[in-house]
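For reference, structure-v3.pdb (PDB, C-alpha atoms):
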ATOM      1  CA  THR P   1      56.636 107.764 104.183  1.00  0.00           C
ATOM      2  CA  SER P   2      57.600 109.721 101.127  1.00  0.00           C
ATOM      3  CA  SER P   3      54.314 111.647 101.231  1.00  0.00           C
ATOM      4  CA  THR P   4      55.371 113.356 104.481  1.00  0.00           C
ATOM      5  CA  ILE P   5      58.706 114.548 103.061  1.00  0.00           C
ATOM      6  CA  PRO P   6      58.510 117.704 100.951  1.00  0.00           C
ATOM      7  CA  LYS P   7      59.297 116.857  97.325  1.00  0.00           C
ATOM      8  CA  ASP P   8      62.052 119.466  97.109  1.00  0.00           C
ATOM      9  CA  THR P   9      63.998 117.719  99.912  1.00  0.00           C
ATOM     10  CA  MET P  10      63.588 114.145  98.670  1.00  0.00           C
ATOM     11  CA  LEU P  11      66.631 112.578  97.094  1.00  0.00           C
ATOM     12  CA  HIS P  12      65.885 110.931  93.805  1.00  0.00           C
ATOM     13  CA  PHE P  13      68.534 109.191  91.790  1.00  0.00           C
ATOM     14  CA  GLU P  14      67.404 107.587  88.572  1.00  0.00           C
ATOM     15  CA  ILE P  15      69.528 104.625  87.564  1.00  0.00           C
ATOM     16  CA  PRO P  16      70.303 104.929  83.843  1.00  0.00           C
ATOM     17  CA  GLN P  17      68.876 102.157  81.649  1.00  0.00           C
ATOM     18  CA  ARG P  18      72.328 100.939  80.591  1.00  0.00           C
ATOM     19  CA  THR P  19      73.223 100.202  84.235  1.00  0.00           C
ATOM     20  CA  ARG P  20      70.012  98.398  85.207  1.00  0.00           C
ATOM     21  CA  GLN P  21      71.414  95.064  84.090  1.00  0.00           C
ATOM     22  CA  LYS P  22      73.452  92.961  86.501  1.00  0.00           C
ATOM     23  CA  ILE P  23      76.709  93.100  84.542  1.00  0.00           C
ATOM     24  CA  ILE P  24      77.942  96.528  83.483  1.00  0.00           C
ATOM     25  CA  THR P  25      81.246  98.078  82.506  1.00  0.00           C
ATOM     26  CA  ALA P  26      83.519  99.601  85.116  1.00  0.00           C
ATOM     27  CA  GLU P  27      83.004 102.997  83.480  1.00  0.00           C
ATOM     28  CA  ASP P  28      79.203 102.724  83.796  1.00  0.00           C
ATOM     29  CA  ALA P  29      79.529 101.536  87.404  1.00  0.00           C
ATOM     30  CA  VAL P  30      81.598 104.540  88.475  1.00  0.00           C
ATOM     31  CA  GLU P  31      79.092 106.933  86.913  1.00  0.00           C
ATOM     32  CA  LEU P  32      76.765 105.943  89.781  1.00  0.00           C
ATOM     33  CA  VAL P  33      79.173 107.383  92.390  1.00  0.00           C
ATOM     34  CA  ARG P  34      78.318 110.982  93.300  1.00  0.00           C
ATOM     35  CA  ASP P  35      80.222 113.698  95.155  1.00  0.00           C
ATOM     36  CA  GLY P  36      80.104 113.070  98.915  1.00  0.00           C
ATOM     37  CA  ASP P  37      79.152 109.388  98.653  1.00  0.00           C
ATOM     38  CA  THR P  38      80.538 106.629 100.860  1.00  0.00           C
ATOM     39  CA  VAL P  39      82.356 103.915  98.926  1.00  0.00           C
ATOM     40  CA  CYS P  40      82.901 100.537 100.577  1.00  0.00           C
ATOM     41  CA  VAL P  41      85.597  98.349  99.037  1.00  0.00           C
ATOM     42  CA  SER P  42      86.141  94.665  99.680  1.00  0.00           C
ATOM     43  CA  GLY P  43      89.245  92.604  99.159  1.00  0.00           C
ATOM     44  CA  PHE P  44      92.262  91.687 101.212  1.00  0.00           C
ATOM     45  CA  VAL P  45      95.555  92.967  99.825  1.00  0.00           C
ATOM     46  CA  SER P  46      95.168  92.368  96.062  1.00  0.00           C
ATOM     47  CA  GLN P  47      92.738  89.469  96.407  1.00  0.00           C
ATOM     48  CA  GLY P  48      89.118  90.265  95.630  1.00  0.00           C
ATOM     49  CA  ALA P  49      89.646  93.997  95.135  1.00  0.00           C
ATOM     50  CA  PRO P  50      87.621  95.429  92.218  1.00  0.00           C
ATOM     51  CA  GLU P  51      90.719  96.661  90.363  1.00  0.00           C
ATOM     52  CA  ALA P  52      88.981  97.691  87.114  1.00  0.00           C
ATOM     53  CA  VAL P  53      86.322  99.669  89.002  1.00  0.00           C
ATOM     54  CA  LEU P  54      88.852 101.407  91.282  1.00  0.00           C
ATOM     55  CA  LYS P  55      91.036 102.323  88.300  1.00  0.00           C
ATOM     56  CA  ALA P  56      88.007 103.669  86.387  1.00  0.00           C
ATOM     57  CA  LEU P  57      86.909 105.680  89.443  1.00  0.00           C
ATOM     58  CA  GLY P  58      90.360 107.255  89.771  1.00  0.00           C
ATOM     59  CA  GLU P  59      90.438 108.041  86.046  1.00  0.00           C
ATOM     60  CA  ARG P  60      86.983 109.620  86.218  1.00  0.00           C
ATOM     61  CA  TYR P  61      88.201 111.970  88.957  1.00  0.00           C
ATOM     62  CA  GLU P  62      91.346 112.841  86.984  1.00  0.00           C
ATOM     63  CA  ASN P  63      89.209 113.740  83.948  1.00  0.00           C
ATOM     64  CA  THR P  64      86.283 115.528  85.648  1.00  0.00           C
ATOM     65  CA  SER P  65      87.269 116.297  89.298  1.00  0.00           C
ATOM     66  CA  SER P  66      84.273 114.184  90.263  1.00  0.00           C
ATOM     67  CA  PRO P  67      83.426 112.331  92.363  1.00  0.00           C
ATOM     68  CA  ASN P  68      85.043 114.235  95.193  1.00  0.00           C
ATOM     69  CA  ASN P  69      84.823 114.410  98.991  1.00  0.00           C
ATOM     70  CA  LEU P  70      84.219 110.666  99.209  1.00  0.00           C
ATOM     71  CA  THR P  71      84.254 108.624 102.401  1.00  0.00           C
ATOM     72  CA  LEU P  72      86.148 105.362 101.917  1.00  0.00           C
ATOM     73  CA  LEU P  73      85.343 102.307 104.060  1.00  0.00           C
ATOM     74  CA  PHE P  74      87.611  99.278 103.768  1.00  0.00           C
ATOM     75  CA  GLY P  75      88.938  96.438 105.835  1.00  0.00           C
ATOM     76  CA  GLY P  76      91.899  94.435 104.599  1.00  0.00           C
ATOM     77  CA  GLY P  77      93.895  97.034 102.696  1.00  0.00           C
ATOM     78  CA  PRO P  78      92.904  96.278  99.100  1.00  0.00           C
ATOM     79  CA  GLY P  79      96.101  97.285  97.363  1.00  0.00           C
ATOM     80  CA  ASP P  80      99.510  96.077  96.225  1.00  0.00           C
ATOM     81  CA  TRP P  81     101.840  98.339  98.276  1.00  0.00           C
ATOM     82  CA  ASP P  82     102.274 100.443  95.123  1.00  0.00           C
ATOM     83  CA  LYS P  83      99.716 101.786  92.625  1.00  0.00           C
ATOM     84  CA  ARG P  84      96.847  99.296  92.470  1.00  0.00           C
ATOM     85  CA  GLY P  85      93.689  98.883  94.521  1.00  0.00           C
ATOM     86  CA  LEU P  86      92.673 101.802  96.721  1.00  0.00           C
ATOM     87  CA  ASN P  87      95.796 103.681  95.673  1.00  0.00           C
ATOM     88  CA  HIS P  88      93.824 104.682  92.540  1.00  0.00           C
ATOM     89  CA  LEU P  89      91.646 106.850  94.817  1.00  0.00           C
ATOM     90  CA  ALA P  90      94.436 108.940  96.353  1.00  0.00           C
ATOM     91  CA  LYS P  91      93.844 111.784  93.903  1.00  0.00           C
ATOM     92  CA  LYS P  92      93.846 115.531  94.392  1.00  0.00           C
ATOM     93  CA  THR P  93      94.080 118.638  92.261  1.00  0.00           C
ATOM     94  CA  VAL P  94      95.002 122.229  93.014  1.00  0.00           C
ATOM     95  CA  THR P  95      91.693 123.690  91.807  1.00  0.00           C
ATOM     96  CA  SER P  96      89.120 121.095  92.928  1.00  0.00           C
ATOM     97  CA  PRO P  97      88.142 119.330  96.130  1.00  0.00           C
ATOM     98  CA  PRO P  98      90.174 116.162  96.765  1.00  0.00           C
ATOM     99  CA  MET P  99      88.734 112.825  95.733  1.00  0.00           C
ATOM    100  CA  LEU P 100      88.705 111.566  99.336  1.00  0.00           C
ATOM    101  CA  LYS P 101      87.486 113.418 102.383  1.00  0.00           C
ATOM    102  CA  ARG P 102      87.969 110.570 104.852  1.00  0.00           C
ATOM    103  CA  ALA P 103      89.042 106.956 105.132  1.00  0.00           C
ATOM    104  CA  ILE P 104      87.919 104.351 107.639  1.00  0.00           C
ATOM    105  CA  GLY P 105      89.963 101.179 107.443  1.00  0.00           C
ATOM    106  CA  SER P 106      92.040  98.500 109.127  1.00  0.00           C
ATOM    107  CA  HIS P 107      95.208  97.952 107.126  1.00  0.00           C
ATOM    108  CA  TYR P 108      96.802 100.997 105.501  1.00  0.00           C
ATOM    109  CA  GLY P 109     100.156  99.310 104.791  1.00  0.00           C
ATOM    110  CA  GLN P 110      99.053  97.878 101.448  1.00  0.00           C
ATOM    111  CA  VAL P 111      97.623 101.250 100.339  1.00  0.00           C
ATOM    112  CA  PRO P 112     100.523 103.672 100.879  1.00  0.00           C
ATOM    113  CA  ALA P 113      98.998 106.484  98.811  1.00  0.00           C
ATOM    114  CA  ILE P 114      95.941 106.548 101.105  1.00  0.00           C
ATOM    115  CA  ALA P 115      98.170 106.237 104.181  1.00  0.00           C
ATOM    116  CA  GLU P 116     100.240 109.225 103.016  1.00  0.00           C
ATOM    117  CA  LEU P 117      97.090 111.372 102.685  1.00  0.00           C
ATOM    118  CA  ALA P 118      96.166 110.403 106.247  1.00  0.00           C
ATOM    119  CA  LEU P 119      99.637 110.947 107.702  1.00  0.00           C
ATOM    120  CA  SER P 120      99.898 114.373 106.082  1.00  0.00           C
ATOM    121  CA  ASN P 121      96.451 115.328 107.460  1.00  0.00           C
ATOM    122  CA  GLU P 122      95.036 115.817 103.965  1.00  0.00           C
ATOM    123  CA  ILE P 123      92.096 113.516 104.780  1.00  0.00           C
ATOM    124  CA  GLU P 124      90.331 112.459 107.963  1.00  0.00           C
ATOM    125  CA  ALA P 125      91.305 108.887 108.809  1.00  0.00           C
ATOM    126  CA  TRP P 126      90.334 106.234 111.328  1.00  0.00           C
ATOM    127  CA  THR P 127      91.826 102.832 111.984  1.00  0.00           C
ATOM    128  CA  LEU P 128      89.481 100.231 113.409  1.00  0.00           C
ATOM    129  CA  PRO P 129      89.926  96.489 114.014  1.00  0.00           C
ATOM    130  CA  LEU P 130      89.370  94.418 110.858  1.00  0.00           C
ATOM    131  CA  GLY P 131      86.820  92.162 112.531  1.00  0.00           C
ATOM    132  CA  SER P 132      84.787  95.154 113.667  1.00  0.00           C
ATOM    133  CA  ILE P 133      84.803  96.688 110.190  1.00  0.00           C
ATOM    134  CA  SER P 134      83.790  93.341 108.666  1.00  0.00           C
ATOM    135  CA  ARG P 135      80.874  93.113 111.080  1.00  0.00           C
ATOM    136  CA  MET P 136      79.895  96.739 110.375  1.00  0.00           C
ATOM    137  CA  ILE P 137      79.761  95.978 106.650  1.00  0.00           C
ATOM    138  CA  ARG P 138      77.752  92.823 107.336  1.00  0.00           C
ATOM    139  CA  ALA P 139      75.306  94.767 109.506  1.00  0.00           C
ATOM    140  CA  GLN P 140      74.823  97.322 106.725  1.00  0.00           C
ATOM    141  CA  SER P 141      74.189  94.605 104.149  1.00  0.00           C
ATOM    142  CA  THR P 142      71.479  93.041 106.323  1.00  0.00           C
ATOM    143  CA  HIS P 143      69.927  96.449 107.140  1.00  0.00           C
ATOM    144  CA  SER P 144      70.731  95.973 110.830  1.00  0.00           C
ATOM    145  CA  PRO P 145      70.964  99.112 112.974  1.00  0.00           C
ATOM    146  CA  GLY P 146      74.673  98.571 113.580  1.00  0.00           C
ATOM    147  CA  HIS P 147      77.334  96.485 115.265  1.00  0.00           C
ATOM    148  CA  ILE P 148      78.235  96.927 118.918  1.00  0.00           C
ATOM    149  CA  THR P 149      81.479  95.476 120.240  1.00  0.00           C
ATOM    150  CA  ASN P 150      83.818  95.877 123.174  1.00  0.00           C
ATOM    151  CA  VAL P 151      86.839  95.077 120.977  1.00  0.00           C
ATOM    152  CA  GLY P 152      89.337  97.906 121.305  1.00  0.00           C
ATOM    153  CA  ILE P 153      88.137  99.262 124.654  1.00  0.00           C
ATOM    154  CA  GLY P 154      91.152 100.752 126.408  1.00  0.00           C
ATOM    155  CA  THR P 155      93.240 100.864 123.193  1.00  0.00           C
ATOM    156  CA  TYR P 156      93.970 103.563 120.617  1.00  0.00           C
ATOM    157  CA  VAL P 157      90.615 102.928 118.903  1.00  0.00           C
ATOM    158  CA  ASP P 158      88.707 103.787 122.079  1.00  0.00           C
ATOM    159  CA  PRO P 159      87.363 107.377 121.793  1.00  0.00           C
ATOM    160  CA  SER P 160      87.571 107.799 125.573  1.00  0.00           C
ATOM    161  CA  MET P 161      91.357 107.278 125.401  1.00  0.00           C
ATOM    162  CA  SER P 162      91.999 110.299 123.166  1.00  0.00           C
ATOM    163  CA  GLY P 163      93.087 113.430 124.796  1.00  0.00           C
TER     164      GLY P 163
END
Would it be possible to restate this file's structure as structure tokens?
Amino acid sequence: TSSTIPKDTMLHFEIPQRTRQKIITAEDAVELVRDGDTVCVSGFVSQGAPEAVLKALGERYENTSSPNNLTLLFGGGPGDWDKRGLNHLAKKTVTSPPMLKRAIGSHYGQVPAIAELALSNEIEAWTLPLGSISRMIRAQSTHSPGHITNVGIGTYVDPSMSG
């Protein structure tokens, strides 16, 4: 319970009044993202990706260097093989921490700017099967403890195969 946690270690994040309604602007939505957060993005290629929110998040970083050190979780490569979708989040500056610290996804082909960060070892990156990521996201949304699968055992996604 919260009474057993010292008050100075409790995380408290007040949601501003203007964002308590169900429909808010993209700019207000991205103000809720803090440094070090995990951002989960839906969509498959350009279908269903929150383009306005991703663009606003990238612009916020360009203007303020925040949020930074984000973990990105995605499945179906929400992007257009060019500049849209997750490509808005492939930002870095010389004087500030990069926008992304790590990416966990299935399809990097549609998000070449994120793939380039991974291939150049500028971010940590994992590739997992799309079905497994979808089930992980579903488990999180239902507050389940996780998703266990044997998909990928003996392949490149199997941690015991690295070495």
**Message:** Could you list, as a ChimeraX atom specification, every residue within 12 Å of range 106-120 of chain P, counting only C-alpha atoms and ignoring same-chain residues fewer than 2 positions away?
**Reply:** /P:41-47,49,71-92,98-104,122-134,157
So that I have them on file, write out the residues from the current selection with C-alpha atoms, as a PDB file, in the frame of the given file.
ATOM      1  CA  VAL P  41      85.597  98.349  99.037  1.00  0.00           C
ATOM      2  CA  SER P  42      86.141  94.665  99.680  1.00  0.00           C
ATOM      3  CA  GLY P  43      89.245  92.604  99.159  1.00  0.00           C
ATOM      4  CA  PHE P  44      92.262  91.687 101.212  1.00  0.00           C
ATOM      5  CA  VAL P  45      95.555  92.967  99.825  1.00  0.00           C
ATOM      6  CA  SER P  46      95.168  92.368  96.062  1.00  0.00           C
ATOM      7  CA  GLN P  47      92.738  89.469  96.407  1.00  0.00           C
ATOM      8  CA  ALA P  49      89.646  93.997  95.135  1.00  0.00           C
ATOM      9  CA  THR P  71      84.254 108.624 102.401  1.00  0.00           C
ATOM     10  CA  LEU P  72      86.148 105.362 101.917  1.00  0.00           C
ATOM     11  CA  LEU P  73      85.343 102.307 104.060  1.00  0.00           C
ATOM     12  CA  PHE P  74      87.611  99.278 103.768  1.00  0.00           C
ATOM     13  CA  GLY P  75      88.938  96.438 105.835  1.00  0.00           C
ATOM     14  CA  GLY P  76      91.899  94.435 104.599  1.00  0.00           C
ATOM     15  CA  GLY P  77      93.895  97.034 102.696  1.00  0.00           C
ATOM     16  CA  PRO P  78      92.904  96.278  99.100  1.00  0.00           C
ATOM     17  CA  GLY P  79      96.101  97.285  97.363  1.00  0.00           C
ATOM     18  CA  ASP P  80      99.510  96.077  96.225  1.00  0.00           C
ATOM     19  CA  TRP P  81     101.840  98.339  98.276  1.00  0.00           C
ATOM     20  CA  ASP P  82     102.274 100.443  95.123  1.00  0.00           C
ATOM     21  CA  LYS P  83      99.716 101.786  92.625  1.00  0.00           C
ATOM     22  CA  ARG P  84      96.847  99.296  92.470  1.00  0.00           C
ATOM     23  CA  GLY P  85      93.689  98.883  94.521  1.00  0.00           C
ATOM     24  CA  LEU P  86      92.673 101.802  96.721  1.00  0.00           C
ATOM     25  CA  ASN P  87      95.796 103.681  95.673  1.00  0.00           C
ATOM     26  CA  HIS P  88      93.824 104.682  92.540  1.00  0.00           C
ATOM     27  CA  LEU P  89      91.646 106.850  94.817  1.00  0.00           C
ATOM     28  CA  ALA P  90      94.436 108.940  96.353  1.00  0.00           C
ATOM     29  CA  LYS P  91      93.844 111.784  93.903  1.00  0.00           C
ATOM     30  CA  LYS P  92      93.846 115.531  94.392  1.00  0.00           C
ATOM     31  CA  PRO P  98      90.174 116.162  96.765  1.00  0.00           C
ATOM     32  CA  MET P  99      88.734 112.825  95.733  1.00  0.00           C
ATOM     33  CA  LEU P 100      88.705 111.566  99.336  1.00  0.00           C
ATOM     34  CA  LYS P 101      87.486 113.418 102.383  1.00  0.00           C
ATOM     35  CA  ARG P 102      87.969 110.570 104.852  1.00  0.00           C
ATOM     36  CA  ALA P 103      89.042 106.956 105.132  1.00  0.00           C
ATOM     37  CA  ILE P 104      87.919 104.351 107.639  1.00  0.00           C
ATOM     38  CA  GLU P 122      95.036 115.817 103.965  1.00  0.00           C
ATOM     39  CA  ILE P 123      92.096 113.516 104.780  1.00  0.00           C
ATOM     40  CA  GLU P 124      90.331 112.459 107.963  1.00  0.00           C
ATOM     41  CA  ALA P 125      91.305 108.887 108.809  1.00  0.00           C
ATOM     42  CA  TRP P 126      90.334 106.234 111.328  1.00  0.00           C
ATOM     43  CA  THR P 127      91.826 102.832 111.984  1.00  0.00           C
ATOM     44  CA  LEU P 128      89.481 100.231 113.409  1.00  0.00           C
ATOM     45  CA  PRO P 129      89.926  96.489 114.014  1.00  0.00           C
ATOM     46  CA  LEU P 130      89.370  94.418 110.858  1.00  0.00           C
ATOM     47  CA  GLY P 131      86.820  92.162 112.531  1.00  0.00           C
ATOM     48  CA  SER P 132      84.787  95.154 113.667  1.00  0.00           C
ATOM     49  CA  ILE P 133      84.803  96.688 110.190  1.00  0.00           C
ATOM     50  CA  SER P 134      83.790  93.341 108.666  1.00  0.00           C
ATOM     51  CA  VAL P 157      90.615 102.928 118.903  1.00  0.00           C
TER      52      VAL P 157
END
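Of the listed residues P:Asp35, P:Asp158, P:Glu59, P:Glu27, the one whose atoms come nearest to Ser96 in chain P is P:Asp35, with distances taken using all atoms listed in the file.
Coordinates place CA of Gly105 in chain P at a distance of 16.1 Å from CA of Thr155 in chain P.
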**Item:** d(CA of Gly58 in chain P, CA of Val94 in chain P) in Å
**Value:** 16.0 Å
Around all the atoms of range 79-97 of chain P listed in the file, with 6 Å of room on each side, what axis-aligned box do you get, giving centre and edge lengths in Å to one decimal, as AutoDock Vina command-line options?
--center_x 95.2 --center_y 109.9 --center_z 95.0 --size_x 26.1 --size_y 39.6 --size_z 18.5
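Atom pair CA of Gly152 in chain P / CA of Arg135 in chain P: separated by 14.1 Å.
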